[in-house]
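Source file: start-v9.txt; contents: compact mmCIF, C-alpha atoms.
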# COMPACT_ATOMS: atom_id res chain seq x y z
CA MET A 1 -16.31 -30.38 -12.26
CA ARG A 2 -17.34 -30.07 -8.61
CA PHE A 3 -14.00 -28.43 -7.76
CA ALA A 4 -14.43 -25.95 -10.63
CA LYS A 5 -17.91 -24.99 -9.42
CA THR A 6 -16.65 -24.54 -5.86
CA ALA A 7 -13.76 -22.38 -7.08
CA ILE A 8 -16.08 -20.21 -9.17
CA LEU A 9 -18.48 -19.79 -6.23
CA PHE A 10 -15.58 -18.89 -3.92
CA ILE A 11 -14.27 -16.23 -6.34
CA ALA A 12 -17.76 -14.84 -6.86
CA LEU A 13 -18.51 -14.52 -3.14
CA VAL A 14 -15.08 -13.54 -1.82
CA PHE A 15 -13.77 -11.32 -4.61
CA ILE A 16 -16.44 -10.27 -7.12
CA ALA A 17 -19.25 -9.48 -4.65
CA PRO A 18 -17.17 -7.07 -2.49
CA MET A 19 -15.80 -5.39 -5.62
CA ALA A 20 -19.31 -4.92 -6.96
CA PHE A 21 -20.37 -3.44 -3.63
CA ALA A 22 -17.37 -1.08 -3.59
CA GLY A 23 -18.09 0.03 -7.16
CA ALA A 24 -21.72 0.78 -6.33
CA TRP A 25 -20.73 2.71 -3.19
CA TRP A 26 -18.02 4.69 -4.98
CA SER A 27 -20.45 5.75 -7.69
CA THR A 28 -22.40 7.65 -5.03
CA VAL A 29 -19.34 9.47 -3.61
CA ASP A 30 -18.81 13.09 -4.55
CA ARG A 31 -15.30 13.30 -6.02
CA PRO A 32 -13.28 15.62 -8.30
CA SER A 33 -13.62 15.21 -12.04
CA SER A 34 -9.88 15.51 -12.69
CA TRP A 35 -6.54 15.92 -10.92
CA ARG A 36 -6.68 19.67 -11.62
CA SER A 37 -9.81 20.10 -9.53
CA ALA A 38 -8.69 17.73 -6.76
CA ASP A 39 -7.43 18.79 -3.34
CA TRP A 40 -3.75 17.94 -2.80
CA SER A 41 -3.19 20.03 0.33
CA ALA A 42 -1.92 18.96 3.77
CA THR A 43 -4.60 17.46 6.01
CA GLY A 44 -3.00 17.94 9.43
CA LEU A 45 -3.03 14.19 10.02
CA LEU A 46 0.64 14.06 11.05
CA PRO A 47 1.98 15.98 14.04
CA SER A 48 3.99 19.08 13.26
CA PRO A 49 7.69 18.24 12.91
CA SER A 50 8.45 20.98 15.43
CA ALA A 51 6.24 19.26 18.05
CA SER A 52 8.93 16.68 18.77
CA THR A 53 12.65 16.26 18.16
CA ASP A 54 12.20 12.48 17.80
CA ALA A 55 12.75 10.61 14.55
CA ALA A 56 9.58 9.27 12.94
CA ILE A 57 8.48 6.98 10.13
CA TYR A 58 4.95 6.89 8.74
CA VAL A 59 3.36 4.72 6.06
CA LEU A 60 0.13 6.24 4.75
CA SER A 61 -2.60 5.26 2.29
CA ALA A 62 -5.55 7.06 0.71
CA ARG A 63 -8.14 6.14 -1.89
CA THR A 64 -6.87 6.95 -5.34
CA GLY A 65 -8.59 9.03 -8.03
CA GLY A 66 -11.17 8.32 -10.68
CA PHE A 67 -13.32 5.22 -10.65
CA LYS A 68 -10.30 3.11 -9.74
CA GLY A 69 -10.62 4.64 -6.27
CA ALA A 70 -13.46 2.18 -5.71
CA PHE A 71 -10.97 -0.66 -5.79
CA SER A 72 -7.58 0.67 -4.77
CA VAL A 73 -5.56 3.01 -2.57
CA HIS A 74 -2.32 4.88 -3.18
CA SER A 75 0.41 4.47 -0.54
CA TRP A 76 3.52 6.43 0.41
CA ILE A 77 6.19 6.85 3.07
CA ALA A 78 7.02 9.93 5.18
CA VAL A 79 10.11 10.05 7.40
CA LYS A 80 11.66 12.55 9.78
CA GLU A 81 15.17 12.32 11.14
CA ARG A 82 15.92 13.30 14.71
CA ASN A 83 15.80 17.11 15.15
CA ALA A 84 14.63 17.55 11.52
CA ALA A 85 12.44 20.56 10.80
CA SER A 86 10.33 18.75 8.19
CA TYR A 87 9.22 15.36 6.91
CA THR A 88 10.56 13.79 3.73
CA ARG A 89 7.96 12.04 1.61
CA PHE A 90 8.57 9.25 -0.91
CA ASP A 91 6.01 8.16 -3.54
CA LYS A 92 6.14 6.13 -6.70
CA VAL A 93 4.09 7.66 -9.51
CA GLY A 94 3.28 6.89 -13.12
CA TRP A 95 4.94 9.84 -14.83
CA GLY A 96 8.54 11.01 -15.25
CA SER A 97 11.07 9.57 -12.84
CA PRO A 98 8.83 7.31 -10.77
CA ILE A 99 10.29 7.67 -7.27
CA ARG A 100 9.33 11.18 -6.17
CA ARG A 101 10.70 13.01 -3.15
CA ASP A 102 8.54 15.69 -1.50
CA ALA A 103 6.21 16.06 -4.47
CA TYR A 104 3.37 16.64 -1.99
CA ALA A 105 3.00 17.49 1.68
CA ALA A 106 3.73 14.50 3.91
CA ASP A 107 0.06 14.05 4.88
CA ALA A 108 -1.57 15.59 1.82
CA ALA A 109 -4.94 14.47 0.51
CA TRP A 110 -4.67 12.24 -2.55
CA TYR A 111 -7.20 13.19 -5.22
CA SER A 112 -9.16 14.91 -2.40
CA ASN A 113 -9.21 11.66 -0.38
CA ARG A 114 -8.01 11.93 3.21
CA PRO A 115 -5.18 9.52 4.09
CA TRP A 116 -4.83 7.29 7.13
CA ILE A 117 -1.79 5.89 8.91
CA VAL A 118 -0.96 2.27 8.07
CA ALA A 119 2.23 2.03 10.15
CA HIS A 120 4.17 4.32 12.50
CA LEU A 121 7.46 4.26 14.37
CA SER A 122 8.91 7.07 16.46
CA GLY A 123 11.78 7.79 18.79
CA ALA A 124 14.69 5.37 19.12
CA GLU A 125 12.86 2.65 17.15
CA ALA A 126 12.39 4.98 14.19
CA GLU A 127 15.97 6.23 14.41
CA ALA A 128 17.25 2.65 14.29
CA ALA A 129 14.97 1.71 11.37
CA LEU A 130 15.61 4.80 9.21
CA PRO A 131 18.84 3.50 7.60
CA ARG A 132 17.02 0.34 6.54
CA VAL A 133 14.14 2.38 5.09
CA GLU A 134 16.57 4.55 3.13
CA ALA A 135 18.48 1.48 1.93
CA ALA A 136 15.26 -0.24 0.81
CA ILE A 137 14.16 2.86 -1.12
CA ALA A 138 17.59 3.18 -2.77
CA ALA A 139 17.66 -0.52 -3.70
CA TYR A 140 14.14 -0.70 -5.16
CA PRO A 141 14.65 -2.28 -8.61
CA PHE A 142 11.75 -0.53 -10.38
CA SER A 143 12.93 3.05 -9.90
CA LYS A 144 13.81 4.09 -13.45
CA ARG A 145 11.76 6.06 -15.95
CA GLY A 146 9.18 3.71 -17.44
CA ASP A 147 9.29 1.34 -14.45
CA TYR A 148 5.62 1.86 -13.62
CA ARG A 149 2.60 -0.19 -14.51
CA ILE A 150 -0.74 0.65 -12.93
CA TRP A 151 -1.85 -3.00 -12.91
CA PRO A 152 -0.81 -5.49 -11.69
CA GLY A 153 2.40 -3.61 -10.83
CA PRO A 154 5.03 -2.47 -10.20
CA ASN A 155 3.20 0.66 -9.03
CA SER A 156 3.06 2.91 -5.95
CA ASN A 157 1.86 0.12 -3.69
CA SER A 158 4.49 -2.32 -5.00
CA PHE A 159 7.15 0.22 -3.96
CA VAL A 160 5.83 0.73 -0.42
CA ALA A 161 5.18 -3.00 0.08
CA HIS A 162 8.82 -3.62 -0.88
CA VAL A 163 9.96 -1.25 1.88
CA LEU A 164 7.66 -2.89 4.43
CA ARG A 165 9.02 -6.33 3.56
CA GLU A 166 12.61 -5.10 3.81
CA VAL A 167 12.06 -3.27 7.12
CA PRO A 168 10.29 -5.72 9.46
CA GLN A 169 10.61 -3.21 12.32
CA LEU A 170 7.61 -1.43 10.80
CA ASP A 171 5.64 -4.64 11.46
CA ALA A 172 2.87 -3.93 8.95
CA VAL A 173 1.40 -4.87 5.59
CA LEU A 174 -0.50 -2.62 3.21
CA PRO A 175 -4.32 -2.70 3.08
CA PRO A 176 -5.88 -5.53 1.06
CA ASN A 177 -7.08 -3.04 -1.55
CA ALA A 178 -3.57 -1.67 -2.19
CA VAL A 179 -3.51 -3.03 -5.74
CA GLY A 180 0.05 -3.91 -6.75
CA ARG A 181 1.33 -4.62 -3.25
CA ASP A 182 1.78 -8.31 -4.10
CA TYR A 183 4.02 -7.63 -7.10
CA LEU A 184 7.30 -8.76 -5.58
CA SER A 185 10.55 -6.84 -5.95
CA GLY A 186 12.39 -7.69 -9.14
CA GLY A 187 9.37 -9.62 -10.39
CA GLU A 188 10.29 -12.67 -8.29
CA TRP A 189 7.70 -15.32 -7.47
CA PHE A 190 8.88 -15.97 -3.89
CA ALA A 191 9.94 -13.75 -0.99
CA LEU A 192 10.67 -14.35 2.69
CA ASP A 193 10.72 -11.40 5.07
CA PRO A 194 14.18 -10.78 6.59
CA ASP A 195 12.99 -11.86 10.04
CA GLY A 196 11.35 -14.99 8.62
CA LEU A 197 7.89 -14.16 9.96
CA ASP A 198 6.10 -13.91 6.60
CA VAL A 199 6.36 -15.77 3.31
CA HIS A 200 5.00 -14.53 -0.02
CA VAL A 201 4.34 -16.36 -3.29
CA SER A 202 3.17 -14.34 -6.28
CA LEU A 203 2.72 -14.86 -10.00
CA ALA A 204 3.64 -11.33 -11.17
CA GLY A 205 1.03 -9.85 -8.84
CA LEU A 206 -1.79 -11.69 -10.61
CA ALA A 207 -2.26 -14.53 -8.15
CA GLY A 208 -0.53 -15.67 -5.02
CA LEU A 209 -0.49 -16.38 -1.31
CA SER A 210 0.97 -14.73 1.76
CA ALA A 211 1.14 -16.20 5.24
CA GLY A 212 2.78 -15.38 8.54
CA LEU A 213 2.48 -13.50 11.79
CA ARG A 214 2.12 -10.13 10.04
CA SER A 215 0.10 -11.12 6.99
CA GLY A 216 -2.10 -13.71 8.62
CA ILE A 217 -3.47 -15.76 5.73
CA GLU A 218 -4.00 -13.99 2.40
CA ILE A 219 -5.15 -15.05 -1.04
CA ASN A 220 -4.17 -12.60 -3.77
CA LEU A 221 -6.10 -12.55 -7.05
CA LEU A 222 -5.77 -10.00 -9.86
CA GLY A 223 -4.41 -7.35 -7.50
CA GLN A 224 -7.00 -7.79 -4.76
CA THR A 225 -6.52 -9.59 -1.44
CA ALA A 226 -8.84 -11.64 0.74
CA GLY A 227 -7.79 -13.07 4.06
CA ILE A 228 -7.73 -13.05 7.83
CA ASP A 229 -5.45 -11.07 10.13
CA PHE A 230 -4.94 -12.91 13.41
CA LYS A 231 -2.52 -10.47 15.06
CA GLY A 232 -4.85 -7.47 14.88
CA PRO A 233 -8.03 -9.47 14.32
CA ALA A 234 -9.71 -8.43 11.08
CA LEU A 235 -11.10 -9.67 7.81
CA LYS A 236 -9.28 -8.51 4.69
CA ILE A 237 -11.92 -7.80 2.08
CA PRO A 238 -11.14 -7.07 -1.59
CA ALA A 239 -11.81 -3.44 -2.63
CA VAL A 240 -13.26 -2.68 0.82
CA GLY A 241 -10.19 -2.98 3.07
CA ARG A 242 -9.74 -4.25 6.61
CA VAL A 243 -12.81 -4.85 8.75
CA GLY A 244 -11.71 -5.35 12.35
CA PHE A 245 -13.46 -7.58 14.85

Turn this file's structure into structure tokens for me.
Amino acid sequence: MRFAKTAILFIALVFIAPMAFAGAWWSTVDRPSSWRSADWSATGLLPSPSASTDAAIYVLSARTGGFKGAFSVHSWIAVKERNAASYTRFDKVGWGSPIRRDAYAADAAWYSNRPWIVAHLSGAEAEAALPRVEAAIAAYPFSKRGDYRIWPGPNSNSFVAHVLREVPQLDAVLPPNAVGRDYLSGGEWFALDPDGLDVHVSLAGLAGLSAGLRSGIEINLLGQTAGIDFKGPALKIPAVGRVGF
């Protein structure tokens, strides 16, 4: 009984309280009423492709639309080969064929929400990693029509998290409020990053643990993540995101 009370208190303080705060904050934010009225234009966040001949890889996230934006972000990948005149963007979406290529500008707002850069490689490092990124995208098992589930996954964040796990050169994990990121590829319950630095255990994205040099220590519950990042010191707060020290 004492353990049950402690567990309930832990969930209430670590998961429910931040989500309640995020919901209250989001209710005060001015946002579009529908996707038709939202801004989907380029934000100028990424450098112009013509500014450099170097290869580049970017992972970006932005708050998603509707009230679910209080609790989750949408993530995507933008790449540029050496000497390329433009970026190529990859998203997973919930309609039609799920893996979309260049459906939006590489750094476009998502439901009027400005994105930020989660991970970035450029130059020789990006050029070396690009084949692995392309291979991970091509091998993603949930890429067919109907292979999308908004919660607990596989969704847009499940897709990008798969690429990050398969390409350790990017050396990053998605934000703690990237709902679906912990739904492992193929629906497995266990995954070890190729370089052995992180281990992931997940029950279909509903509950799990991640630990390692990249992830720090994470507890995943119902699509949200709480934990501590030791490498780039920060708290990982459900619905809120990373709060650095």

Just give me the gap between atom CA of A:Ile77 and atom CA of A:Tyr58 in Å, one decimal is fine.
5.8 Å

What is the atom CA of A:Ser215 to atom CA of A:Lys80 distance in Å?
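Computing it gives 26.5 Å between the two atoms.
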
I'd like the neighbourhood of A:Lys236 as a PyMOL selection string, where a residue qualifies if any of its atoms comes within 9 Å (using all atoms listed in the file), though same-chain residues fewer than 5 positions away should be ignored.
chain A and resi 175-177+218+225-229+241-244

Centre and edge lengths of an axis-aligned box around all listed atoms of stretch 217-220 of chain A, with 4 Å added on each side, are to be given in Å to one decimal, as AutoDock Vina command-line options.
--center_x -4.3 --center_y -14.2 --center_z 1.0 --size_x 9.7 --size_y 11.2 --size_z 17.5

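Distances from A:Ala191, A:Val173, A:Ala55, A:Ala136 to A:Ala124 were compared using all atoms listed in the file, and the smallest one belongs to A:Ala55.
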
Atomic distance atom CA of A:Phe67 - atom CA of A:Gly153, expressed in Å with one decimal:
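Computed distance, atom CA of A:Phe67 to atom CA of A:Gly153, equals 18.0 Å.
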
Hey, what's within 6 Å of stretch 182-185 of chain A if we count all atoms listed in the file and toss same-chain stuff fewer than 6 positions away? As a VMD selection string, please?
chain A and resid 153 158 204 to 205

Quick one: residues within 6 Å of A:Arg181, only C-alpha atoms, excluding same-chain residues fewer than 3 positions away - as a PyMOL selection string?
chain A and resi 157-158+161+178

Give the answer as one residue: which of A:His120, A:Asp147, A:Asp39, A:Ala105 has the shortest atom-to-atom distance to A:Lys92, using all atoms listed in the file?
A:Asp147

Closest to A:Ser143 among A:Ile57, A:Leu130, A:Val93, A:Leu13, using only C-alpha atoms?
A:Val93

Which polymer residues have any atom within 9 Å of an atom of stretch 18-21 of chain A, counting all atoms listed in the file, with same-chain residues fewer than 4 positions away left out, as an MDAnalysis selection string?
chainID A and resid 12:14 25:26 70:71 237:240

Nearest to A:Leu60: which of A:Ile137, A:Ile117, A:Ala42, A:Leu206 is it, counting only C-alpha atoms?
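Going through A:Ile137, A:Ile117, A:Ala42, A:Leu206 one by one, the smallest distance to A:Leu60 is for A:Ile117.
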
Step by step: start from the point (-6.8, 17.0, -0.2) in the file's coordinates, keep every protein, DNA or RNA residue that has an atom no farther than 7 Å from it, count only C-alpha atoms, and write the set as number ranges by chain.
A: 38-43, 108-114

Restricting the calculation to all atoms listed in the file, which member of A:Pro194, A:Pro168, A:Pro154, A:Gly223 is positioned closest to A:Gly94?
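When distances to A:Gly94 are compared using all atoms listed in the file, the smallest one comes from A:Pro154.
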
Which residue gives the smallest distance to A:Trp35 among A:Asp107, A:Val133, A:Gly65, A:Arg165, with only C-alpha atoms counted?
A:Gly65
